[in-house]
Amino acid sequence: MTQAEAMRPFHAPGHLRLLTFNLQVGIHTSAYHHYLTRSWQHLLPHPKRRGRLDMVGEVLGQFDIVGLQEVDGGSFRSSQINQVEYLAQRAGFPHHFQQLNRNLGRFAQHSNGLLSRLSPAHIEEHRLPGTLPGRGAIHVRYGEGPDALHLFVAHLALSHRGRMRQLDYLSELITPLRHVVVMGDLNCTPDQIHAHPNFCAALPLHPVKPLLSYPSWQPRRALDHILLSDSLVAEEVRVLDHLFSDHLPVAVDVHLPDACQLALYRHIQATRN
């Protein structure tokens with residue numbers, strides 16, 4: 001097997017296509033009044049939800065790694081469909097992971113999700129601190145050693161106090177790492193992240209370009225982020241078109257340094273031999 005074959009998930013040498021998306025469990029939201037008139041869809045199934053997932057899957061299939069928030073792990077409201085697994089199959093991702101953050105039994109399975117073309121070397125779940133339980137982060141390591149790529153998929157709290165505690169928690173995890181991506185619905189603007197000294201010390205904000213992602217029908221706030229360590233270079237930072245949710249997907253093409261590429265290649269080679 002050649003290095004080119006092992007690195008097939010890359011659409012260009014050393015580049016990864018990343019996307020983060022708050023799916024809102026597949027509810028079609030395009031106006032503020034839909035929060036009231038369509039709120040029943042958070043509890044009950046909708047006949048068009050699977051078709052929406054199919055269309056979302058077609059878009060997600062263009063990327064290498066996708067972080068998902070507000071997905072259902074298979075319950076009554078989602079017609080027993082594990083949305084992470086379904087989207088992975090629909091979009092052709094060989095690897096996926098679901099983090100169950102709030103278990104409401106057969107009624108709802110509030111989750112984060114990961115879809116990946118690269119084989120993770122290690123996945124770890126973190127329960128984020130907060131007054132109300134139910135927020136989490138997925139920590140994914142690609143490759144081995146100090147030049148491995150570390151990716152976090154997170155969904156932070158609505159309250160300012162809760163977010164500050166959660167950013168402190170993530171800061172401790174990130175500080176000793178070299179190549180880091182933090183992606184997700186962080187529920188705060190770039191200015192609010194800049195105001196958090198511990199997080200900015202652990203991961204200097206890069207890219208800093210604000211991408212307005214909420215609400216999806218008339219974006220006014222940058223709440224969804226893909227943040228990179230200084231070792232990673234962002235190219236073509238963008239938001240995608242409305243995909244039913246009240247959030248817009250955010251995408252970034254990332255160029256990896258040579259040492260990080262080598263760490264990923266060695267892991268891929270070891271798992272395929």
# chains A, B, ... in the order shown; residues from 1 in each chain; ligands from 1
>>> residues_around(residues="stretch 66-74 of chain A", least_positions_apart="6", cutoff="9 Å", atoms="only C-alpha atoms", output="NGL selection string")
:A and (17-26 or 60 or 80-85 or 98-100 or 106-116 or 152-155 or 183-185)
>>> select_by_dssp(residues="stretch 58-232 of chain A", states="helix (DSSP H, G or I)", output="VMD selection string")
chain A and resid 58 to 60 76 to 78 83 to 91 160 to 174 190 to 194 197 to 202
>>> write_last_selection(atoms="C-alpha atoms", output="compact mmCIF listing (two decimals), in the first residue's frame")
# COMPACT_ATOMS: atom_id res chain seq x y z
CA GLU A 58 -25.94 14.13 0.59
CA VAL A 59 -24.30 17.34 1.81
CA LEU A 60 -22.33 15.73 4.64
CA PHE A 76 -39.93 7.53 19.54
CA ARG A 77 -39.52 11.07 18.18
CA SER A 78 -37.00 9.93 15.55
CA GLN A 83 -29.56 9.67 13.35
CA VAL A 84 -25.77 9.45 13.72
CA GLU A 85 -25.69 5.92 12.36
CA TYR A 86 -28.22 6.71 9.64
CA LEU A 87 -26.30 9.75 8.38
CA ALA A 88 -23.02 7.80 8.44
CA GLN A 89 -24.55 5.11 6.24
CA ARG A 90 -26.30 7.59 3.98
CA ALA A 91 -23.17 9.72 3.47
CA HIS A 160 -22.90 32.22 30.54
CA ARG A 161 -21.79 30.71 33.85
CA GLY A 162 -22.18 27.18 32.51
CA ARG A 163 -20.19 27.94 29.36
CA MET A 164 -17.35 29.47 31.37
CA ARG A 165 -17.02 26.32 33.46
CA GLN A 166 -17.16 24.16 30.36
CA LEU A 167 -14.51 26.22 28.56
CA ASP A 168 -12.31 25.90 31.66
CA TYR A 169 -12.75 22.14 31.49
CA LEU A 170 -11.87 21.99 27.79
CA SER A 171 -8.88 24.28 28.38
CA GLU A 172 -7.31 21.72 30.72
CA LEU A 173 -7.71 18.98 28.12
CA ILE A 174 -6.32 21.09 25.28
CA PRO A 190 -16.11 35.02 19.08
CA ASP A 191 -15.94 38.04 21.42
CA GLN A 192 -17.22 35.93 24.29
CA ILE A 193 -14.64 33.24 23.56
CA HIS A 194 -11.89 35.89 23.35
CA PRO A 197 -8.42 33.80 29.23
CA ASN A 198 -7.85 30.11 29.99
CA PHE A 199 -9.37 28.89 26.73
CA CYS A 200 -7.53 31.48 24.63
CA ALA A 201 -4.25 30.53 26.31
CA ALA A 202 -4.88 26.85 25.57
>>> residues_around(residues="A:Leu151", least_positions_apart="3", cutoff="7 Å", atoms="only C-alpha atoms", output="ChimeraX atom specification")
/A:139-141,180-182
>>> residues_around(residues="A:Cys260", least_positions_apart="4", cutoff="12 Å", atoms="only C-alpha atoms", output="number ranges by chain")
A: 14-16, 141-150, 178-180, 231-232, 254-256, 264-267
>>> select_by_dssp(residues="stretch 45-198 of chain A", states="strand (DSSP E)", output="VMD selection string")
chain A and resid 65 to 72 95 to 103 109 to 116 122 to 127 136 to 142 149 to 155 179 to 185
>>> closest_atom_pairs(of="stretch 5-107 of chain A", to="stretch 119-126 of chain A", cutoff="9 Å", atoms="only C-alpha atoms", output="tab-separated table")
residue	atom	partner	partner_atom	distance
A:Pro94	CA	A:Ser119	CA	8.1
A:His95	CA	A:Ser119	CA	6.6
A:Phe97	CA	A:Ile123	CA	8.5
A:Gln99	CA	A:Glu125	CA	7.0
>>> atom_distance(atom1="atom CA of A:Tyr214", atom2="atom CA of A:Pro133")
23.9 Å
>>> atom_distance(atom1="atom CA of A:Thr37", atom2="atom CA of A:His247")
17.7 Å
